[in-house]
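S.K.: Okay, so here is target-v8.txt, and as you'll see once you scroll down, it has compact mmCIF, C-alpha atoms.
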# COMPACT_ATOMS: atom_id res chain seq x y z
CA MET L 1 90.11 86.43 84.32
CA ASP L 2 91.20 89.27 82.05
CA TYR L 3 92.55 92.53 83.48
CA VAL L 4 92.83 96.16 82.45
CA THR L 5 95.69 98.40 83.50
CA LEU L 6 94.47 101.75 84.82
CA ASN L 7 96.24 105.03 84.08
CA ASN L 8 98.39 104.74 87.22
CA GLY L 9 99.54 101.18 86.50
CA VAL L 10 97.09 99.42 88.85
CA LYS L 11 95.57 96.25 87.38
CA MET L 12 91.82 95.72 87.71
CA PRO L 13 89.72 92.66 86.76
CA LYS L 14 87.61 93.34 83.68
CA LEU L 15 84.64 91.57 85.25
CA GLY L 16 83.61 91.90 88.88
CA TYR L 17 80.63 91.44 91.15
CA GLY L 18 78.31 94.31 92.12
CA VAL L 19 76.17 94.50 95.26
CA TYR L 20 73.82 97.35 94.32
CA GLN L 21 70.38 96.73 95.90
CA THR L 22 71.66 93.62 97.68
CA PRO L 23 70.07 93.65 101.16
CA PRO L 24 72.66 94.18 103.92
CA GLU L 25 71.65 90.92 105.58
CA ASP L 26 72.35 89.00 102.33
CA THR L 27 75.52 90.76 101.23
CA GLU L 28 78.04 88.67 103.16
CA ARG L 29 76.62 85.42 101.75
CA CYS L 30 76.41 86.77 98.23
CA VAL L 31 79.97 88.08 98.22
CA LEU L 32 81.29 84.82 99.67
CA ASP L 33 79.45 82.96 96.90
CA ALA L 34 80.88 85.31 94.27
CA ILE L 35 84.42 84.85 95.54
CA GLU L 36 83.96 81.07 95.63
CA VAL L 37 82.73 81.15 92.02
CA GLY L 38 85.86 83.04 90.99
CA TYR L 39 85.16 86.77 91.17
CA ARG L 40 88.09 88.84 92.37
CA SER L 41 86.53 92.30 92.08
CA ILE L 42 83.72 93.51 94.36
CA ASP L 43 81.87 96.80 93.84
CA THR L 44 79.93 98.46 96.66
CA ALA L 45 79.13 102.00 97.80
CA GLN L 46 78.37 103.98 100.94
CA ALA L 47 74.83 104.56 99.63
CA TYR L 48 74.15 100.83 99.28
CA GLY L 49 74.33 100.37 103.03
CA ASN L 50 76.15 97.06 102.67
CA GLU L 51 79.86 97.88 102.92
CA ALA L 52 79.97 96.00 106.24
CA GLY L 53 78.66 92.85 104.58
CA VAL L 54 81.41 93.09 101.99
CA GLY L 55 83.93 93.58 104.80
CA ASN L 56 82.69 90.50 106.63
CA ALA L 57 83.04 88.44 103.46
CA LEU L 58 86.56 89.72 102.83
CA GLU L 59 87.48 88.72 106.36
CA LYS L 60 85.99 85.22 106.08
CA CYS L 61 86.65 84.22 102.46
CA GLY L 62 90.16 82.86 102.94
CA VAL L 63 91.48 84.64 99.85
CA PRO L 64 94.42 87.00 100.47
CA ARG L 65 93.28 90.62 100.56
CA GLU L 66 95.72 91.60 97.80
CA GLU L 67 93.98 89.20 95.40
CA ILE L 68 90.61 90.96 95.69
CA PHE L 69 89.92 94.33 94.08
CA VAL L 70 87.48 96.39 96.17
CA THR L 71 85.59 99.43 94.89
CA THR L 72 83.41 101.78 96.91
CA LYS L 73 81.95 105.23 96.38
CA ILE L 74 81.48 108.48 98.33
CA TRP L 75 77.80 109.49 98.52
CA ILE L 76 76.34 112.96 98.05
CA SER L 77 75.68 113.45 101.77
CA ASN L 78 79.44 113.04 102.37
CA ALA L 79 80.46 115.57 99.72
CA GLY L 80 83.14 118.12 100.58
CA TYR L 81 86.68 117.73 101.84
CA GLU L 82 86.05 117.18 105.57
CA LYS L 83 82.98 114.97 105.20
CA ALA L 84 84.56 112.93 102.44
CA LYS L 85 87.72 112.47 104.47
CA ALA L 86 85.70 111.18 107.43
CA SER L 87 83.62 108.94 105.15
CA ILE L 88 86.74 107.32 103.69
CA LYS L 89 87.83 106.42 107.20
CA GLU L 90 84.38 104.97 107.87
CA SER L 91 84.41 102.96 104.65
CA LEU L 92 87.79 101.47 105.53
CA LYS L 93 86.36 100.46 108.90
CA ASN L 94 83.23 98.93 107.37
CA LEU L 95 85.24 97.05 104.76
CA LYS L 96 87.69 95.81 107.40
CA THR L 97 90.67 96.72 105.26
CA ASP L 98 93.67 99.03 105.33
CA TYR L 99 93.14 100.23 101.78
CA ILE L 100 90.50 100.56 99.07
CA ASP L 101 91.50 99.54 95.56
CA LEU L 102 89.23 102.01 93.78
CA LEU L 103 87.36 104.93 95.32
CA LEU L 104 84.82 106.88 93.27
CA ILE L 105 82.67 109.97 93.70
CA HIS L 106 79.20 108.45 93.32
CA GLN L 107 77.33 111.41 91.81
CA PRO L 108 78.45 114.81 90.41
CA PHE L 109 76.54 116.84 92.99
CA GLY L 110 77.54 118.81 96.07
CA ASP L 111 81.13 119.85 96.67
CA TYR L 112 82.63 117.05 94.65
CA TYR L 113 85.83 119.05 94.16
CA GLY L 114 86.33 118.95 97.92
CA SER L 115 85.58 115.21 97.88
CA TYR L 116 88.14 114.71 95.13
CA ARG L 117 90.81 116.55 97.12
CA ALA L 118 90.16 114.21 100.05
CA MET L 119 90.48 111.26 97.68
CA GLU L 120 93.73 112.58 96.24
CA GLU L 121 95.04 112.90 99.78
CA ALA L 122 93.99 109.34 100.64
CA TYR L 123 95.66 108.14 97.44
CA LYS L 124 98.94 109.80 98.38
CA GLU L 125 98.72 108.27 101.86
CA GLY L 126 98.29 104.77 100.43
CA LYS L 127 94.75 104.34 101.73
CA VAL L 128 93.44 104.16 98.18
CA ARG L 129 95.14 102.58 95.16
CA ALA L 130 93.13 104.40 92.47
CA ILE L 131 90.52 107.16 92.37
CA GLY L 132 87.84 108.18 89.95
CA VAL L 133 84.24 109.23 89.42
CA SER L 134 80.83 107.75 88.71
CA ASN L 135 77.91 109.12 86.70
CA PHE L 136 79.98 112.02 85.38
CA TYR L 137 78.63 112.98 81.96
CA PRO L 138 81.20 114.18 79.39
CA ASP L 139 80.88 117.87 80.36
CA ARG L 140 81.58 117.39 84.08
CA TYR L 141 84.01 114.58 83.41
CA ILE L 142 86.15 116.77 81.13
CA ASP L 143 86.02 119.53 83.73
CA ILE L 144 87.36 117.41 86.59
CA ALA L 145 89.81 115.54 84.35
CA HIS L 146 91.28 118.88 83.30
CA PHE L 147 91.58 120.49 86.74
CA ALA L 148 92.27 117.54 89.05
CA GLU L 149 95.85 116.91 90.10
CA ILE L 150 95.35 113.14 89.78
CA LYS L 151 93.39 112.22 86.66
CA PRO L 152 90.37 109.94 87.25
CA ALA L 153 91.35 106.32 86.69
CA VAL L 154 87.74 105.22 86.15
CA ASN L 155 84.36 106.71 85.31
CA GLN L 156 81.53 104.31 86.18
CA VAL L 157 78.46 105.10 84.09
CA GLU L 158 75.30 103.39 82.86
CA THR L 159 76.55 101.20 80.02
CA HIS L 160 74.75 98.36 78.24
CA VAL L 161 73.81 97.36 74.70
CA PHE L 162 71.04 99.99 74.56
CA GLN L 163 73.27 102.78 75.95
CA GLN L 164 76.80 102.17 74.81
CA GLN L 165 78.18 105.60 75.80
CA LYS L 166 79.94 106.11 72.48
CA ILE L 167 80.50 109.84 72.97
CA ALA L 168 81.51 109.49 76.62
CA LYS L 169 83.95 106.70 75.75
CA LYS L 170 85.60 108.92 73.14
CA TYR L 171 86.48 111.53 75.77
CA MET L 172 87.42 109.03 78.45
CA LYS L 173 89.89 107.48 76.04
CA LYS L 174 91.25 110.91 75.15
CA TYR L 175 91.96 111.71 78.81
CA GLY L 176 93.10 108.22 79.81
CA THR L 177 90.15 107.11 81.96
CA GLN L 178 88.72 103.58 81.96
CA ILE L 179 84.98 103.26 81.39
CA MET L 180 83.21 100.99 83.87
CA SER L 181 79.62 99.87 83.47
CA TRP L 182 76.84 99.93 86.00
CA GLY L 183 73.64 98.22 84.97
CA PRO L 184 75.17 96.05 82.20
CA PHE L 185 71.78 94.30 81.90
CA ALA L 186 69.77 97.56 82.13
CA GLU L 187 67.78 95.80 84.87
CA GLY L 188 65.99 93.84 82.14
CA LYS L 189 64.49 96.91 80.46
CA ASN L 190 63.58 96.75 76.74
CA ASP L 191 62.99 92.99 77.15
CA TYR L 192 66.78 92.73 77.37
CA PHE L 193 67.07 88.99 77.91
CA ASN L 194 64.81 88.15 74.97
CA ASN L 195 66.43 90.48 72.47
CA PRO L 196 66.44 88.57 69.15
CA VAL L 197 69.90 89.77 68.08
CA LEU L 198 71.50 88.78 71.38
CA LYS L 199 69.68 85.45 71.41
CA GLU L 200 70.57 84.57 67.83
CA ILE L 201 74.25 85.37 68.28
CA GLY L 202 74.34 83.64 71.66
CA ASP L 203 72.81 80.45 70.26
CA LYS L 204 75.77 80.13 67.91
CA TYR L 205 78.11 79.85 70.90
CA GLY L 206 75.80 78.04 73.29
CA LYS L 207 75.49 81.20 75.38
CA SER L 208 72.55 83.15 76.74
CA ALA L 209 71.53 86.63 75.63
CA ALA L 210 72.96 87.93 78.93
CA GLN L 211 76.33 86.28 78.34
CA THR L 212 76.42 87.59 74.78
CA ALA L 213 75.75 91.12 76.03
CA LEU L 214 78.51 90.86 78.62
CA ARG L 215 80.93 89.52 75.99
CA PHE L 216 80.07 92.45 73.72
CA LEU L 217 80.88 94.93 76.47
CA LEU L 218 84.13 93.18 77.35
CA GLN L 219 85.24 93.32 73.72
CA SER L 220 84.26 96.99 73.73
CA ASP L 221 86.84 97.58 76.50
CA VAL L 222 84.22 98.12 79.21
CA VAL L 223 84.81 96.94 82.80
CA LEU L 224 81.73 95.15 84.18
CA ILE L 225 80.15 94.44 87.57
CA PRO L 226 76.99 92.36 86.92
CA LYS L 227 74.91 91.66 90.00
CA SER L 228 72.92 88.62 91.06
CA VAL L 229 72.01 87.13 94.42
CA ARG L 230 71.79 83.65 92.86
CA LYS L 231 74.96 81.57 92.71
CA GLU L 232 74.02 79.90 89.43
CA ARG L 233 73.64 83.32 87.79
CA MET L 234 76.98 84.42 89.22
CA LYS L 235 78.54 81.40 87.50
CA GLU L 236 76.79 82.20 84.24
CA ASN L 237 77.86 85.85 84.31
CA ILE L 238 81.53 85.02 84.76
CA ASP L 239 81.48 82.29 82.10
CA VAL L 240 82.14 84.67 79.21
CA PHE L 241 85.86 84.25 78.56
CA ASP L 242 85.72 81.12 76.40
CA PHE L 243 84.26 82.65 73.23
CA GLU L 244 84.77 85.73 71.07
CA LEU L 245 82.32 87.66 68.92
CA THR L 246 83.19 88.35 65.30
CA ASN L 247 83.47 91.87 63.91
CA GLU L 248 80.15 91.37 62.11
CA GLU L 249 78.45 90.30 65.35
CA MET L 250 79.93 93.28 67.20
CA VAL L 251 78.52 95.62 64.52
CA ARG L 252 75.06 94.04 64.81
CA ILE L 253 75.02 94.59 68.58
CA GLU L 254 76.42 98.11 68.21
CA ALA L 255 73.31 98.87 66.14
CA LEU L 256 71.14 98.26 69.23
CA ASP L 257 72.47 101.45 70.82
CA GLY L 258 69.78 104.05 71.49
CA GLY L 259 72.28 106.61 72.76
CA LYS L 260 70.30 107.59 75.83
CA SER L 261 69.68 106.46 79.40
CA LEU L 262 66.98 103.98 80.27
CA PHE L 263 66.98 105.23 83.88
CA PHE L 264 67.50 108.98 84.44
CA SER L 265 69.23 112.11 83.17
CA HIS L 266 71.31 114.52 85.23
CA TYR L 267 70.09 117.22 82.86
CA ASP L 268 66.50 116.72 84.04
CA PRO L 269 65.61 119.21 86.82
CA GLU L 270 63.27 116.78 88.59
CA THR L 271 66.01 114.15 88.67
CA VAL L 272 68.45 116.64 90.15
CA GLU L 273 65.89 117.65 92.78
CA TRP L 274 65.48 113.97 93.65
CA PHE L 275 69.22 113.62 94.19
CA MET L 276 69.22 116.78 96.32
CA SER L 277 66.65 115.16 98.60
CA PHE L 278 69.43 112.92 99.92
CA VAL L 279 71.41 115.88 101.28
Is it possible to express this structure as structure tokens?
M.R.:
Amino acid sequence: MDYVTLNNGVKMPKLGYGVYQTPPEDTERCVLDAIEVGYRSIDTAQAYGNEAGVGNALEKCGVPREEIFVTTKIWISNAGYEKAKASIKESLKNLKTDYIDLLLIHQPFGDYYGSYRAMEEAYKEGKVRAIGVSNFYPDRYIDIAHFAEIKPAVNQVETHVFQQQKIAKKYMKKYGTQIMSWGPFAEGKNDYFNNPVLKEIGDKYGKSAAQTALRFLLQSDVVLIPKSVRKERMKENIDVFDFELTNEEMVRIEALDGGKSLFFSHYDPETVEWFMSFV
């Protein structure tokens, strides 16, 4: 496994396992499978409703807690200093751990400044090893990076071959924040797994289009958390460290970038109203 060093010196696996949309009743099994396969980074969130399943797996897996990197996120309904502070305590309880390796603000809505202050406090108390944000577009990211006492270690945003976040990455690099991908497969949109460029390049190495896409992101300095409930897919997704794409191949895949989301935009009023419905 390869690692990145965050801006506070904490080391994080470059490839982890995500549990977005994994049913709570299946999460424990899936995380145990992922750990058995070799994953040492698990990404969950309060909004996923499956932190407890992750906690059960951590308790039962037999791997020392310090060897597993755990990420979770504060949801909109817990925004604000007091609510966020209480939610951090609840997440620790659900995850059955004394500390969270990486804690993120899930969406840039509500009193996320208050949430960030609660996170900074938890960081100083040793309850959290690193803090950051998720889904913060460059404008809001620059804002919080400039005014926060503790600079975000990570910004988790939609990142895949069709949305490579080239502008966002430029500013994250400038302010010392690691980009982390959600949706590295874009949930199969744009016929992702049959893309001719990915398939042609992958064939050269005996790899699938999915593995080729993950390798591209890794070589683009993106941290990944691909998700699957199938053990054989978990194995395939982590089997991407035994080959390297050439500069020419990287350029060909870079050309697939459409520069926009395949899911939603925080600049769209209807999308924002949808997020507000959770509060």
S.K.: If you count all atoms listed in the file, which residues fall within 9 Å of L:Val63, apart from same-chain ones fewer than 5 positions away, as a list in words?
M.R.: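 My list of contacting residues is Ile35, Leu58 and Ile68 of chain L.
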S.K.: Rank L:Asn190, L:Ser115, L:Thr212, L:Asn247 by their smallest atom-to-atom distance to L:Lys73, using only C-alpha atoms, and report the top residue only.
M.R.: L:Ser115
S.K.: Find the residue from L:Tyr175, L:Tyr141, L:Tyr81, L:Tyr123 that sits nearest to L:Tyr99; use only C-alpha atoms when measuring.
M.R.: L:Tyr123
S.K.: Find the axis-aligned box for stretch 128-138 of chain L, covering all its listed atoms and adding 3 Å on each side, and write its centre and edge lengths in Å to one decimal as AutoDock Vina command-line options.
M.R.:
--center_x 86.5 --center_y 108.4 --center_z 88.8 --size_x 23.2 --size_y 17.6 --size_z 24.8
S.K.: Would you please work out which residue, of L:Lys169, L:Arg117, L:Arg252, L:His106, is nearest to L:Glu149 when using only C-alpha atoms?
M.R.: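 Nearest candidate to L:Glu149 out of L:Lys169, L:Arg117, L:Arg252, L:His106: L:Arg117.
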S.K.: Excluding same-chain residues fewer than 6 positions from stretch 126-133 of chain L, what lies within 9 Å of it counting all atoms listed in the file, as a ChimeraX atom specification?
M.R.: /L:6-8,10,73,88,92,98-108,116,119-120,141,150-157,177
S.K.: Quick check, in Å to one decimal: how far apart do atom CA of L:Tyr112 and atom CA of L:Ala79 lie?
M.R.: 5.7 Å
S.K.: From the list L:Ile76, L:Leu218, L:Val37, L:Ala84, which residue is nearest L:Leu15 when using only C-alpha atoms?
M.R.: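 Among the listed residues, L:Leu218 lies closest to L:Leu15.
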S.K.: Residues around (71.5, 99.2, 86.0), cut-off 9 Å, counting all atoms listed in the file - what are they as an MDAnalysis selection string?
M.R.: chainID L and resid 20 158:160 181:188 226 262:263
S.K.: So that I can check the surroundings of stretch 196-201 of chain L, please list as a ChimeraX atom specification every protein, DNA and RNA residue that reaches within 8 Å of it, counting only C-alpha atoms and ignoring chain neighbours fewer than 4 positions away.
M.R.: /L:205,208-210,212-213,249,252-253
S.K.: Between L:Val272, L:Ile238, L:Ala255, L:Ile144, which has the minimum distance to L:Gln163 (counting all atoms listed in the file)?
M.R.: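 Under the stated criterion, the closest residue is L:Ala255.
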S.K.: To one decimal in Å, tell me the separation between atom CA of L:Phe241 and atom CA of L:Ser228.
M.R.: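 Taking atom CA of L:Phe241 as the start and atom CA of L:Ser228 as the end point, the length is 18.5 Å.
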S.K.: Taking all atoms listed in the file into account, which of L:Ile225, L:Gly62, L:Asp203, L:Lys170 comes nearest L:Gly18?
M.R.: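 Of L:Ile225, L:Gly62, L:Asp203, L:Lys170, the one nearest L:Gly18 is L:Ile225, counting all atoms listed in the file.
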S.K.: Would you list the residues near (93.0, 91.0, 101.4), meaning any protein, DNA or RNA residue with an atom at most 12 Å from that point in file coordinates, counting all atoms listed in the file, as a list in words?
M.R.: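 All residues meeting the 12 Å criterion around (93.0, 91.0, 101.4) are Arg40, Ser41, Ile42, Val54, Gly55, Asn56, Ala57, Leu58, Glu59, Lys60, Cys61, Gly62, Val63, Pro64, Arg65, Glu66, Glu67, Ile68, Phe69, Val70, Leu95, Lys96, Thr97, Asp98, Tyr99, Ile100 and Asp101 of chain L.
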S.K.: Neighbours of L:Gly259 within 9 Å (only C-alpha atoms; same-chain residues fewer than 4 positions away dropped), as a VMD selection string?
M.R.: chain L and resid 162 to 167
S.K.: Kindly give the distance, in Å, that separates atom CA of L:Lys231 and atom CA of L:Asp33, rounded to a single decimal.
M.R.: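 So the two atoms, atom CA of L:Lys231 and atom CA of L:Asp33, lie 6.3 Å apart.
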S.K.: Neighbouring residues of L:Thr22 were defined as those with any atom within 8 Å, considering all atoms listed in the file; residues of the same chain fewer than 6 positions away were excluded. Please report them as a PyMOL selection string.
M.R.: chain L and resi 48+50+229
